[in-house]
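Pasting work-v4.json here (JSON, C-alpha atoms):
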```json
[["chain", "number", "residue", "atom", "x", "y", "z"],
["A", 1, "MET", "CA", 3.42, -20.99, -18.93],
["A", 2, "PHE", "CA", 1.26, -17.90, -19.42],
["A", 3, "PRO", "CA", -0.47, -16.96, -16.15],
["A", 4, "SER", "CA", -4.24, -17.19, -16.29],
["A", 5, "LEU", "CA", -6.60, -14.85, -14.48],
["A", 6, "SER", "CA", -9.68, -15.97, -12.60],
["A", 7, "GLN", "CA", -12.83, -13.88, -12.83],
["A", 8, "LYS", "CA", -12.21, -12.26, -9.45],
["A", 9, "GLU", "CA", -8.59, -11.52, -10.30],
["A", 10, "TYR", "CA", -9.68, -9.92, -13.56],
["A", 11, "VAL", "CA", -12.22, -7.70, -11.74],
["A", 12, "ILE", "CA", -9.56, -6.64, -9.22],
["A", 13, "MET", "CA", -7.00, -5.85, -11.91],
["A", 14, "ASP", "CA", -9.60, -4.00, -13.95],
["A", 15, "LEU", "CA", -10.26, -1.77, -10.92],
["A", 16, "MET", "CA", -6.53, -1.16, -10.49],
["A", 17, "ARG", "CA", -6.00, -0.51, -14.17],
["A", 18, "VAL", "CA", -5.13, 3.17, -13.99],
["A", 19, "GLY", "CA", -2.21, 2.43, -11.72],
["A", 20, "ARG", "CA", -3.86, 3.92, -8.65],
["A", 21, "GLU", "CA", -3.27, 2.45, -5.22],
["A", 22, "VAL", "CA", -6.36, 0.95, -3.63],
["A", 23, "TYR", "CA", -7.16, -0.81, -0.37],
["A", 24, "GLY", "CA", -9.24, -3.96, 0.07],
["A", 25, "LEU", "CA", -12.46, -2.37, 1.28],
["A", 26, "GLU", "CA", -12.34, 0.15, -1.56],
["A", 27, "LEU", "CA", -12.10, -2.71, -4.05],
["A", 28, "VAL", "CA", -15.12, -4.43, -2.45],
["A", 29, "ASN", "CA", -17.15, -1.21, -2.63],
["A", 30, "ASP", "CA", -16.12, -0.50, -6.24],
["A", 31, "GLY", "CA", -16.64, -4.12, -7.29],
["A", 32, "LYS", "CA", -20.44, -3.73, -7.17],
["A", 33, "GLY", "CA", -21.09, -7.10, -5.55],
["A", 34, "LYS", "CA", -18.57, -9.06, -7.61],
["A", 35, "LEU", "CA", -16.03, -9.10, -4.78],
["A", 36, "LYS", "CA", -16.74, -10.30, -1.25],
["A", 37, "ARG", "CA", -15.16, -9.04, 1.96],
["A", 38, "GLY", "CA", -14.47, -12.54, 3.22],
["A", 39, "THR", "CA", -12.31, -13.60, 0.29],
["A", 40, "ILE", "CA", -10.81, -10.37, -1.05],
["A", 41, "TYR", "CA", -7.63, -10.46, 1.06],
["A", 42, "VAL", "CA", -6.97, -14.13, 0.31],
["A", 43, "THR", "CA", -7.33, -13.38, -3.42],
["A", 44, "LEU", "CA", -5.08, -10.31, -3.14],
["A", 45, "ASN", "CA", -2.43, -12.35, -1.31],
["A", 46, "ARG", "CA", -2.54, -14.98, -4.04],
["A", 47, "MET", "CA", -2.12, -12.26, -6.67],
["A", 48, "ILE", "CA", 0.92, -10.88, -4.81],
["A", 49, "GLU", "CA", 2.43, -14.38, -4.81],
["A", 50, "LYS", "CA", 1.82, -14.55, -8.59],
["A", 51, "GLY", "CA", 3.55, -11.17, -9.00],
["A", 52, "LEU", "CA", 0.50, -9.50, -10.53],
["A", 53, "ILE", "CA", 0.20, -6.81, -7.86],
["A", 54, "SER", "CA", 2.38, -5.31, -5.16],
["A", 55, "SER", "CA", 1.43, -3.95, -1.77],
["A", 56, "ARG", "CA", 2.67, -1.58, 0.88],
["A", 57, "ARG", "CA", 1.48, -0.81, 4.39],
["A", 58, "THR", "CA", 0.35, 2.67, 5.34],
["A", 59, "ILE", "CA", 1.16, 4.31, 8.65],
["A", 60, "PRO", "CA", -2.04, 5.56, 10.31],
["A", 61, "LYS", "CA", -2.07, 9.33, 10.87],
["A", 62, "ASP", "CA", -4.34, 9.21, 13.92],
["A", 63, "GLU", "CA", -5.78, 6.63, 16.33],
["A", 64, "LEU", "CA", -9.02, 6.24, 14.40],
["A", 65, "GLU", "CA", -7.40, 5.46, 11.07],
["A", 66, "ALA", "CA", -6.86, 1.78, 10.38],
["A", 67, "PRO", "CA", -3.41, 0.53, 9.33],
["A", 68, "ARG", "CA", -4.35, -0.26, 5.76],
["A", 69, "ARG", "CA", -2.49, -2.10, 3.05],
["A", 70, "LEU", "CA", -2.48, -0.44, -0.36],
["A", 71, "TYR", "CA", -2.33, -2.52, -3.51],
["A", 72, "LYS", "CA", -0.99, -1.53, -6.91],
["A", 73, "ILE", "CA", -0.74, -3.35, -10.23],
["A", 74, "THR", "CA", 2.79, -4.34, -11.31],
["A", 75, "GLY", "CA", 4.27, -4.12, -14.80],
["A", 76, "HIS", "CA", 3.93, -7.88, -15.15],
["A", 77, "GLY", "CA", 0.30, -7.64, -14.02],
["A", 78, "GLN", "CA", -0.40, -4.90, -16.56],
["A", 79, "ARG", "CA", 1.01, -7.07, -19.36],
["A", 80, "VAL", "CA", -1.02, -10.08, -18.20],
["A", 81, "LEU", "CA", -4.18, -7.97, -18.08],
["A", 82, "GLU", "CA", -3.59, -6.61, -21.59],
["A", 83, "ALA", "CA", -2.84, -10.07, -22.97],
["A", 84, "THR", "CA", -5.95, -11.52, -21.31],
["A", 85, "GLU", "CA", -8.08, -8.76, -22.81],
["A", 86, "ARG", "CA", -6.58, -9.32, -26.26],
["A", 87, "ALA", "CA", -7.26, -13.06, -25.97],
["A", 88, "MET", "CA", -10.83, -12.41, -24.82],
["A", 89, "ALA", "CA", -11.43, -9.96, -27.67],
["A", 90, "SER", "CA", -10.11, -12.42, -30.26],
["A", 91, "ILE", "CA", -12.27, -15.24, -28.85],
["A", 92, "TYR", "CA", -15.29, -12.93, -28.89],
["A", 93, "SER", "CA", -14.67, -11.80, -32.48],
["A", 94, "GLU", "CA", -14.13, -15.39, -33.64],
["A", 95, "ALA", "CA", -17.36, -16.49, -31.95],
["A", 96, "LYS", "CA", -19.16, -13.56, -33.58],
["A", 97, "GLY", "CA", -17.70, -14.46, -37.01],
["A", 98, "VAL", "CA", -18.89, -18.10, -36.76],
["B", 1, "MET", "CA", -49.38, -4.52, 39.11],
["B", 2, "GLY", "CA", -52.11, -7.12, 39.53],
["B", 3, "LYS", "CA", -52.86, -7.05, 35.80],
["B", 4, "LEU", "CA", -49.18, -7.47, 34.94],
["B", 5, "LYS", "CA", -48.96, -10.45, 37.31],
["B", 6, "THR", "CA", -52.00, -12.05, 35.68],
["B", 7, "LEU", "CA", -50.53, -11.43, 32.24],
["B", 8, "LEU", "CA", -47.19, -12.97, 33.26],
["B", 9, "HIS", "CA", -49.01, -16.02, 34.74],
["B", 10, "PHE", "CA", -50.99, -16.36, 31.53],
["B", 11, "LEU", "CA", -47.84, -16.12, 29.37],
["B", 12, "TYR", "CA", -46.04, -18.64, 31.59],
["B", 13, "TRP", "CA", -48.79, -21.25, 31.37],
["B", 14, "GLU", "CA", -49.22, -20.57, 27.64],
["B", 15, "LEU", "CA", -45.47, -21.21, 27.17],
["B", 16, "MET", "CA", -45.65, -24.38, 29.27],
["B", 17, "TRP", "CA", -48.60, -25.58, 27.19],
["B", 18, "ILE", "CA", -46.68, -24.91, 23.92],
["B", 19, "LEU", "CA", -43.61, -26.72, 25.27],
["B", 20, "GLU", "CA", -45.69, -29.69, 26.35],
["B", 21, "LYS", "CA", -47.29, -29.81, 22.92],
["B", 22, "MET", "CA", -43.84, -29.66, 21.33],
["B", 23, "VAL", "CA", -42.44, -32.46, 23.45],
["B", 24, "ASN", "CA", -45.47, -34.70, 23.06],
["B", 25, "SER", "CA", -46.11, -33.79, 19.44],
["B", 26, "PRO", "CA", -46.19, -36.84, 17.16],
["B", 27, "ARG", "CA", -44.34, -34.80, 14.52],
["B", 28, "LEU", "CA", -41.27, -34.52, 16.71],
["B", 29, "GLY", "CA", -39.31, -37.48, 18.01],
["B", 30, "ARG", "CA", -38.40, -37.75, 21.69],
["B", 31, "TRP", "CA", -34.88, -36.33, 21.15],
["B", 32, "GLU", "CA", -36.07, -33.61, 18.80],
["B", 33, "GLY", "CA", -38.64, -32.55, 21.32],
["B", 34, "LEU", "CA", -36.05, -32.54, 24.07],
["B", 35, "LEU", "CA", -33.74, -30.48, 21.89],
["B", 36, "VAL", "CA", -36.44, -27.89, 21.18],
["B", 37, "TYR", "CA", -37.38, -27.86, 24.86],
["B", 38, "THR", "CA", -33.74, -27.32, 25.90],
["B", 39, "ALA", "CA", -33.30, -24.54, 23.33],
["B", 40, "VAL", "CA", -36.42, -22.74, 24.51],
["B", 41, "VAL", "CA", -35.44, -23.10, 28.17],
["B", 42, "PHE", "CA", -31.93, -21.75, 27.49],
["B", 43, "ALA", "CA", -33.35, -18.86, 25.45],
["B", 44, "ALA", "CA", -35.75, -18.03, 28.29],
["B", 45, "LEU", "CA", -32.91, -18.23, 30.82],
["B", 46, "GLY", "CA", -30.73, -15.98, 28.67],
["B", 47, "TYR", "CA", -33.56, -13.50, 28.32],
["B", 48, "CYS", "CA", -34.15, -13.50, 32.09],
["B", 49, "ILE", "CA", -30.46, -12.96, 32.83],
["B", 50, "ARG", "CA", -30.10, -10.19, 30.27],
["B", 51, "PHE", "CA", -33.31, -8.28, 30.84],
["B", 52, "VAL", "CA", -34.28, -9.15, 34.43],
["B", 53, "TRP", "CA", -31.20, -10.04, 36.47],
["B", 54, "PHE", "CA", -28.80, -7.46, 34.98],
["B", 55, "PRO", "CA", -31.10, -4.46, 35.55],
["B", 56, "VAL", "CA", -31.87, -5.73, 39.09],
["B", 57, "PHE", "CA", -28.14, -6.22, 39.77],
["B", 58, "GLN", "CA", -27.35, -2.76, 38.44],
["B", 59, "GLY", "CA", -30.12, -1.35, 40.61],
["B", 60, "LEU", "CA", -28.67, -3.05, 43.71],
["B", 61, "GLN", "CA", -25.24, -1.67, 42.84],
["B", 62, "PHE", "CA", -26.75, 1.78, 42.57],
["B", 63, "LEU", "CA", -28.38, 1.39, 46.02],
["B", 64, "SER", "CA", -25.09, 0.37, 47.62],
["B", 65, "ASN", "CA", -23.20, 3.15, 45.85],
["B", 66, "PRO", "CA", -25.20, 6.05, 44.41],
["B", 67, "LEU", "CA", -22.45, 6.72, 41.89],
["B", 68, "GLY", "CA", -22.20, 3.02, 41.02],
["B", 69, "GLY", "CA", -21.23, 2.50, 37.46],
["B", 70, "ILE", "CA", -20.95, 6.19, 36.71],
["B", 71, "SER", "CA", -17.78, 6.94, 38.65],
["B", 72, "LYS", "CA", -16.02, 3.83, 37.37],
["B", 73, "ILE", "CA", -13.96, 4.04, 34.23],
["B", 74, "ARG", "CA", -14.75, 1.12, 32.00],
["B", 75, "VAL", "CA", -11.95, -0.16, 29.81],
["B", 76, "TYR", "CA", -13.09, -2.04, 26.74],
["B", 77, "ARG", "CA", -11.00, -4.21, 24.51],
["B", 78, "PRO", "CA", -10.68, -2.99, 20.92],
["B", 79, "ALA", "CA", -13.11, -4.61, 18.48],
["B", 80, "GLY", "CA", -11.93, -8.01, 17.27],
["B", 81, "SER", "CA", -8.97, -8.16, 19.68],
["B", 82, "ILE", "CA", -9.63, -11.78, 20.74],
["B", 83, "ILE", "CA", -9.70, -12.97, 17.13],
["B", 84, "LEU", "CA", -6.53, -10.98, 16.42],
["B", 85, "LYS", "CA", -4.76, -12.48, 19.43],
["B", 86, "THR", "CA", -5.82, -15.99, 18.39],
["B", 87, "ILE", "CA", -4.63, -15.59, 14.81],
["B", 88, "ARG", "CA", -1.34, -14.05, 15.97],
["B", 89, "PHE", "CA", -0.84, -17.18, 18.07],
["B", 90, "LEU", "CA", -1.83, -19.63, 15.31],
["B", 91, "PHE", "CA", -0.33, -18.07, 12.17],
["B", 92, "SER", "CA", 2.93, -16.42, 11.18],
["B", 93, "GLU", "CA", 3.40, -12.67, 11.48],
["B", 94, "LYS", "CA", 3.65, -12.28, 7.69],
["B", 95, "VAL", "CA", 0.35, -14.08, 7.06],
["B", 96, "VAL", "CA", -1.41, -12.10, 9.79],
["B", 97, "ASP", "CA", -0.13, -8.75, 8.47],
["B", 98, "ASN", "CA", -0.77, -9.54, 4.81],
["B", 99, "VAL", "CA", -4.11, -11.33, 5.00],
["B", 100, "LEU", "CA", -5.83, -12.22, 8.25],
["B", 101, "ALA", "CA", -5.64, -8.98, 10.24],
["B", 102, "LEU", "CA", -6.85, -6.75, 7.40],
["B", 103, "PRO", "CA", -10.60, -7.50, 7.69],
["B", 104, "ILE", "CA", -10.33, -6.82, 11.44],
["B", 105, "TYR", "CA", -8.67, -3.45, 10.80],
["B", 106, "ASP", "CA", -11.43, -2.63, 8.29],
["B", 107, "MET", "CA", -14.04, -3.59, 10.86],
["B", 108, "ARG", "CA", -12.39, -1.42, 13.54],
["B", 109, "HIS", "CA", -12.32, 1.54, 11.17],
["B", 110, "GLU", "CA", -16.03, 1.21, 10.32],
["B", 111, "TYR", "CA", -16.94, 0.46, 13.95],
["B", 112, "ASN", "CA", -15.15, 3.54, 15.28],
["B", 113, "LYS", "CA", -16.74, 5.67, 12.56],
["B", 114, "ALA", "CA", -20.22, 4.43, 13.50],
["B", 115, "LEU", "CA", -19.55, 5.03, 17.22],
["B", 116, "LEU", "CA", -18.34, 8.56, 16.53],
["B", 117, "GLN", "CA", -21.58, 9.25, 14.67],
["B", 118, "GLY", "CA", -23.47, 7.90, 17.69],
["B", 119, "GLU", "CA", -25.02, 5.01, 15.78],
["B", 120, "ILE", "CA", -24.80, 2.27, 18.41],
["B", 121, "LYS", "CA", -27.01, -0.24, 16.60],
["B", 122, "LYS", "CA", -25.05, 0.17, 13.38],
["B", 123, "ALA", "CA", -21.80, -0.22, 15.31],
["B", 124, "ASN", "CA", -23.03, -3.46, 16.89],
["B", 125, "TRP", "CA", -24.11, -4.75, 13.51],
["B", 126, "ILE", "CA", -20.67, -3.88, 12.03],
["B", 127, "LEU", "CA", -19.00, -5.70, 14.94],
["B", 128, "MET", "CA", -21.09, -8.83, 14.42],
["B", 129, "LYS", "CA", -20.62, -8.81, 10.65],
["B", 130, "GLY", "CA", -16.90, -8.04, 10.99],
["B", 131, "ARG", "CA", -16.31, -10.99, 13.31],
["B", 132, "PHE", "CA", -18.06, -13.29, 10.88],
["B", 133, "ILE", "CA", -16.03, -11.93, 7.93],
["B", 134, "ALA", "CA", -12.75, -12.28, 9.89],
["B", 135, "ILE", "CA", -13.53, -15.91, 10.73],
["B", 136, "PHE", "CA", -14.60, -16.58, 7.14],
["B", 137, "THR", "CA", -11.29, -15.09, 5.88],
["B", 138, "ILE", "CA", -9.34, -17.41, 8.20],
["B", 139, "PHE", "CA", -11.37, -20.35, 6.91],
["B", 140, "ALA", "CA", -10.82, -19.33, 3.26],
["B", 141, "TYR", "CA", -7.07, -18.90, 3.86],
["B", 142, "VAL", "CA", -6.74, -22.29, 5.57],
["B", 143, "VAL", "CA", -8.69, -24.04, 2.80],
["B", 144, "THR", "CA", -6.62, -22.45, -0.01],
["B", 145, "THR", "CA", -3.33, -23.13, 1.77],
["B", 146, "PHE", "CA", -4.34, -26.72, 2.36],
["B", 147, "GLY", "CA", -5.32, -27.05, -1.32],
["B", 148, "LYS", "CA", -1.97, -25.63, -2.41],
["B", 149, "SER", "CA", -0.08, -28.06, -0.16],
["B", 150, "ILE", "CA", -2.02, -31.01, -1.57],
["B", 151, "GLU", "CA", -1.24, -29.79, -5.11],
["B", 152, "LYS", "CA", 2.48, -29.51, -4.26],
["B", 153, "ILE", "CA", 2.56, -33.01, -2.78],
["B", 154, "TRP", "CA", 0.71, -34.32, -5.82],
["B", 155, "LYS", "CA", 3.26, -32.70, -8.17],
["B", 156, "ILE", "CA", 6.24, -34.04, -6.18],
["B", 157, "GLY", "CA", 4.69, -37.49, -6.21],
["B", 158, "GLY", "CA", 4.44, -37.28, -10.01]]
```

For this file, write the structure as structure tokens.
Amino acid sequence: MFPSLSQKEYVIMDLMRVGREVYGLELVNDGKGKLKRGTIYVTLNRMIEKGLISSRRTIPKDELEAPRRLYKITGHGQRVLEATERAMASIYSEAKGV
Amino acid sequence: MGKLKTLLHFLYWELMWILEKMVNSPRLGRWEGLLVYTAVVFAALGYCIRFVWFPVFQGLQFLSNPLGGISKIRVYRPAGSIILKTIRFLFSEKVVDNVLALPIYDMRHEYNKALLQGEIKKANWILMKGRFIAIFTIFAYVVTTFGKSIEKIWKIGG
């Protein structure tokens, strides 16, 4: 079965598109109100379980730096994102044609 | 001093009058009135303890020891440490490291940043908001996990 993306998952993957590593708070700040702090980590964990993204833990350089977890899109995630976008574009063009 | 005393007396009797009105008001039932009365009394008590008793107590400490409070080194717990301890007790290490501890680490980072800039009010606000977000994350995780388990059981059951 082809994995489907929820709206939040799509926003997260869109922000990770370039292949850069991001942390949760950065995603919330870049999401412009579409992502909430209270649910972001639960959503990210679900996406890891689906295999859409991968994560690694950073080692803090000093006492003030928080031990963050960096997230990155996987190859499978990239393919799912592209396929979802193609499907959305085709639905949009069909709706426009009708 | 006399004026302040008069003002305090006036405020006290004004408050008593409002409370009496609340309790005897036909809009509020007996229990509702009692509830409002209890809430107001507790709020007043809290206010007295925080803004009257604490300063007086600190003043007494200062009288007994002129360096009271200043010479002592205060050790504070890190922000969100109680929540972190609780979740470490309740959930597995993997879940805590991957999901539940992350909002607390974010909060600590922002809190420390605000404290370094000397913005105490902002730091307190971050602390309050961070605790709420951490608890909300735990709630969201529990709800989704519970939903997943129900789905699994449903699938097994056919």

Distance table requested - chain A against chain B, cut-off 12 Å, all atoms listed in the file: one row per qualifying residue with the closest atom pair and its distance in Å to one decimal, ordered by chain and rising residue number, as JSON lines.
```
{"residue": "A:Tyr23", "atom": "CA", "partner": "B:Leu102", "partner_atom": "CA", "distance": 9.8}
{"residue": "A:Gly24", "atom": "CA", "partner": "B:Leu102", "partner_atom": "CA", "distance": 8.2}
{"residue": "A:Leu25", "atom": "CA", "partner": "B:Asp106", "partner_atom": "CA", "distance": 7.1}
{"residue": "A:Glu26", "atom": "CA", "partner": "B:Asp106", "partner_atom": "CA", "distance": 10.3}
{"residue": "A:Val28", "atom": "CA", "partner": "B:Asp106", "partner_atom": "CA", "distance": 11.5}
{"residue": "A:Lys36", "atom": "CA", "partner": "B:Ile133", "partner_atom": "CA", "distance": 9.4}
{"residue": "A:Arg37", "atom": "CA", "partner": "B:Ile133", "partner_atom": "CA", "distance": 6.7}
{"residue": "A:Gly38", "atom": "CA", "partner": "B:Thr137", "partner_atom": "CA", "distance": 4.9}
{"residue": "A:Thr39", "atom": "CA", "partner": "B:Thr137", "partner_atom": "CA", "distance": 5.9}
{"residue": "A:Ile40", "atom": "CA", "partner": "B:Thr137", "partner_atom": "CA", "distance": 8.4}
{"residue": "A:Tyr41", "atom": "CA", "partner": "B:Val99", "partner_atom": "CA", "distance": 5.4}
{"residue": "A:Val42", "atom": "CA", "partner": "B:Tyr141", "partner_atom": "CA", "distance": 5.9}
{"residue": "A:Thr43", "atom": "CA", "partner": "B:Tyr141", "partner_atom": "CA", "distance": 9.1}
{"residue": "A:Leu44", "atom": "CA", "partner": "B:Val99", "partner_atom": "CA", "distance": 8.3}
{"residue": "A:Asn45", "atom": "CA", "partner": "B:Val99", "partner_atom": "CA", "distance": 6.6}
{"residue": "A:Arg46", "atom": "CA", "partner": "B:Thr144", "partner_atom": "CA", "distance": 9.4}
{"residue": "A:Met47", "atom": "CA", "partner": "B:Asn98", "partner_atom": "CA", "distance": 11.9}
{"residue": "A:Ile48", "atom": "CA", "partner": "B:Asn98", "partner_atom": "CA", "distance": 9.9}
{"residue": "A:Glu49", "atom": "CA", "partner": "B:Asn98", "partner_atom": "CA", "distance": 11.2}
{"residue": "A:Ser54", "atom": "CA", "partner": "B:Asn98", "partner_atom": "CA", "distance": 11.3}
{"residue": "A:Ser55", "atom": "CA", "partner": "B:Asn98", "partner_atom": "CA", "distance": 8.9}
{"residue": "A:Arg56", "atom": "CA", "partner": "B:Asn98", "partner_atom": "CA", "distance": 9.5}
{"residue": "A:Arg57", "atom": "CA", "partner": "B:Asn98", "partner_atom": "CA", "distance": 9.0}
{"residue": "A:Thr58", "atom": "CA", "partner": "B:Asp97", "partner_atom": "CA", "distance": 11.9}
{"residue": "A:Pro60", "atom": "CA", "partner": "B:His109", "partner_atom": "CA", "distance": 11.1}
{"residue": "A:Asp62", "atom": "CA", "partner": "B:His109", "partner_atom": "CA", "distance": 11.4}
{"residue": "A:Glu63", "atom": "CA", "partner": "B:His109", "partner_atom": "CA", "distance": 9.8}
{"residue": "A:Leu64", "atom": "CA", "partner": "B:His109", "partner_atom": "CA", "distance": 6.6}
{"residue": "A:Glu65", "atom": "CA", "partner": "B:His109", "partner_atom": "CA", "distance": 6.3}
{"residue": "A:Ala66", "atom": "CA", "partner": "B:His109", "partner_atom": "CA", "distance": 5.5}
{"residue": "A:Pro67", "atom": "CA", "partner": "B:Tyr105", "partner_atom": "CA", "distance": 6.8}
{"residue": "A:Arg68", "atom": "CA", "partner": "B:Leu102", "partner_atom": "CA", "distance": 7.1}
{"residue": "A:Arg69", "atom": "CA", "partner": "B:Leu102", "partner_atom": "CA", "distance": 7.7}
{"residue": "A:Leu70", "atom": "CA", "partner": "B:Asn98", "partner_atom": "CA", "distance": 10.6}
{"residue": "A:Tyr71", "atom": "CA", "partner": "B:Asn98", "partner_atom": "CA", "distance": 11.0}
```

Legend entry - Length of the CA of Val18 in chain A to CA of Gly51 in chain A vector [Å]: 17.5 Å

Inset, instruction - Up to 12 Å from (-7.5, -5.3, -21.4) in the file's coordinates: name the residues, counting only C-alpha atoms, as a list of chain:residue names. - result: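 Counting only C-alpha atoms, I find these residues within 12 Å of (-7.5, -5.3, -21.4): A:Leu5, A:Tyr10, A:Val11, A:Met13, A:Asp14, A:Leu15, A:Met16, A:Arg17, A:Val18, A:Gly77, A:Gln78, A:Arg79, A:Val80, A:Leu81, A:Glu82, A:Ala83, A:Thr84, A:Glu85, A:Arg86, A:Ala87, A:Met88, A:Ala89, A:Ser90.
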
Okay, now the selection with C-alpha atoms, as an mmCIF file, keeping the file's coordinate frame?
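After the write, again-v6.cif holds the following:
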```cif
data_model
loop_
_atom_site.group_PDB
_atom_site.id
_atom_site.type_symbol
_atom_site.label_atom_id
_atom_site.label_comp_id
_atom_site.auth_asym_id
_atom_site.auth_seq_id
_atom_site.Cartn_x
_atom_site.Cartn_y
_atom_site.Cartn_z
ATOM 1 C CA LEU A 5 -6.600 -14.850 -14.480
ATOM 2 C CA TYR A 10 -9.680 -9.920 -13.560
ATOM 3 C CA VAL A 11 -12.220 -7.700 -11.740
ATOM 4 C CA MET A 13 -7.000 -5.850 -11.910
ATOM 5 C CA ASP A 14 -9.600 -4.000 -13.950
ATOM 6 C CA LEU A 15 -10.260 -1.770 -10.920
ATOM 7 C CA MET A 16 -6.530 -1.160 -10.490
ATOM 8 C CA ARG A 17 -6.000 -0.510 -14.170
ATOM 9 C CA VAL A 18 -5.130 3.170 -13.990
ATOM 10 C CA GLY A 77 0.300 -7.640 -14.020
ATOM 11 C CA GLN A 78 -0.400 -4.900 -16.560
ATOM 12 C CA ARG A 79 1.010 -7.070 -19.360
ATOM 13 C CA VAL A 80 -1.020 -10.080 -18.200
ATOM 14 C CA LEU A 81 -4.180 -7.970 -18.080
ATOM 15 C CA GLU A 82 -3.590 -6.610 -21.590
ATOM 16 C CA ALA A 83 -2.840 -10.070 -22.970
ATOM 17 C CA THR A 84 -5.950 -11.520 -21.310
ATOM 18 C CA GLU A 85 -8.080 -8.760 -22.810
ATOM 19 C CA ARG A 86 -6.580 -9.320 -26.260
ATOM 20 C CA ALA A 87 -7.260 -13.060 -25.970
ATOM 21 C CA MET A 88 -10.830 -12.410 -24.820
ATOM 22 C CA ALA A 89 -11.430 -9.960 -27.670
ATOM 23 C CA SER A 90 -10.110 -12.420 -30.260
#
```

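Put simply, CA of Phe10 in chain B is 21.8 Å away from CA of Arg50 in chain B.
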
Inset, instruction - Find the distance between CA of Gly80 in chain B and CA of Lys129 in chain B and write it in Å to one decimal. - result: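 The value is 11.0 Å.
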
Inset, instruction - Identify which of the residues A:Lys50, A:Lys32, A:Lys8, A:Arg20 lies closest to His76 in chain A, counting all atoms listed in the file when measuring atom-to-atom distances. - result: A:Lys50

Where atoms are lacking, range 80-93 of chain A completed to N, CA and C atoms, as a CSV table (one decimal), in the coordinates of the input:
```csv
chain,number,residue,atom,x,y,z
A,80,VAL,N,-0.1,-8.9,-18.3
A,80,VAL,CA,-1.0,-10.1,-18.2
A,80,VAL,C,-2.4,-9.6,-18.5
A,81,LEU,N,-2.8,-8.5,-17.9
A,81,LEU,CA,-4.2,-8.0,-18.1
A,81,LEU,C,-4.4,-7.6,-19.6
A,82,GLU,N,-3.4,-7.0,-20.2
A,82,GLU,CA,-3.6,-6.6,-21.6
A,82,GLU,C,-3.7,-7.9,-22.5
A,83,ALA,N,-2.8,-8.8,-22.2
A,83,ALA,CA,-2.8,-10.1,-23.0
A,83,ALA,C,-4.2,-10.8,-22.8
A,84,THR,N,-4.7,-10.8,-21.6
A,84,THR,CA,-6.0,-11.5,-21.3
A,84,THR,C,-7.1,-10.8,-22.1
A,85,GLU,N,-7.0,-9.5,-22.1
A,85,GLU,CA,-8.1,-8.8,-22.8
A,85,GLU,C,-8.0,-9.0,-24.3
A,86,ARG,N,-6.7,-9.1,-24.8
A,86,ARG,CA,-6.6,-9.3,-26.3
A,86,ARG,C,-7.1,-10.7,-26.6
A,87,ALA,N,-6.8,-11.7,-25.7
A,87,ALA,CA,-7.3,-13.1,-26.0
A,87,ALA,C,-8.8,-13.1,-25.9
A,88,MET,N,-9.4,-12.4,-25.0
A,88,MET,CA,-10.8,-12.4,-24.8
A,88,MET,C,-11.5,-11.8,-26.0
A,89,ALA,N,-10.9,-10.7,-26.5
A,89,ALA,CA,-11.4,-10.0,-27.7
A,89,ALA,C,-11.4,-10.8,-28.9
A,90,SER,N,-10.2,-11.6,-29.1
A,90,SER,CA,-10.1,-12.4,-30.3
A,90,SER,C,-11.1,-13.6,-30.2
A,91,ILE,N,-11.3,-14.1,-29.0
A,91,ILE,CA,-12.3,-15.2,-28.8
A,91,ILE,C,-13.7,-14.7,-29.2
A,92,TYR,N,-14.0,-13.5,-28.7
A,92,TYR,CA,-15.3,-12.9,-28.9
A,92,TYR,C,-15.5,-12.7,-30.4
A,93,SER,N,-14.5,-12.1,-31.1
A,93,SER,CA,-14.7,-11.8,-32.5
A,93,SER,C,-14.8,-13.1,-33.3
```
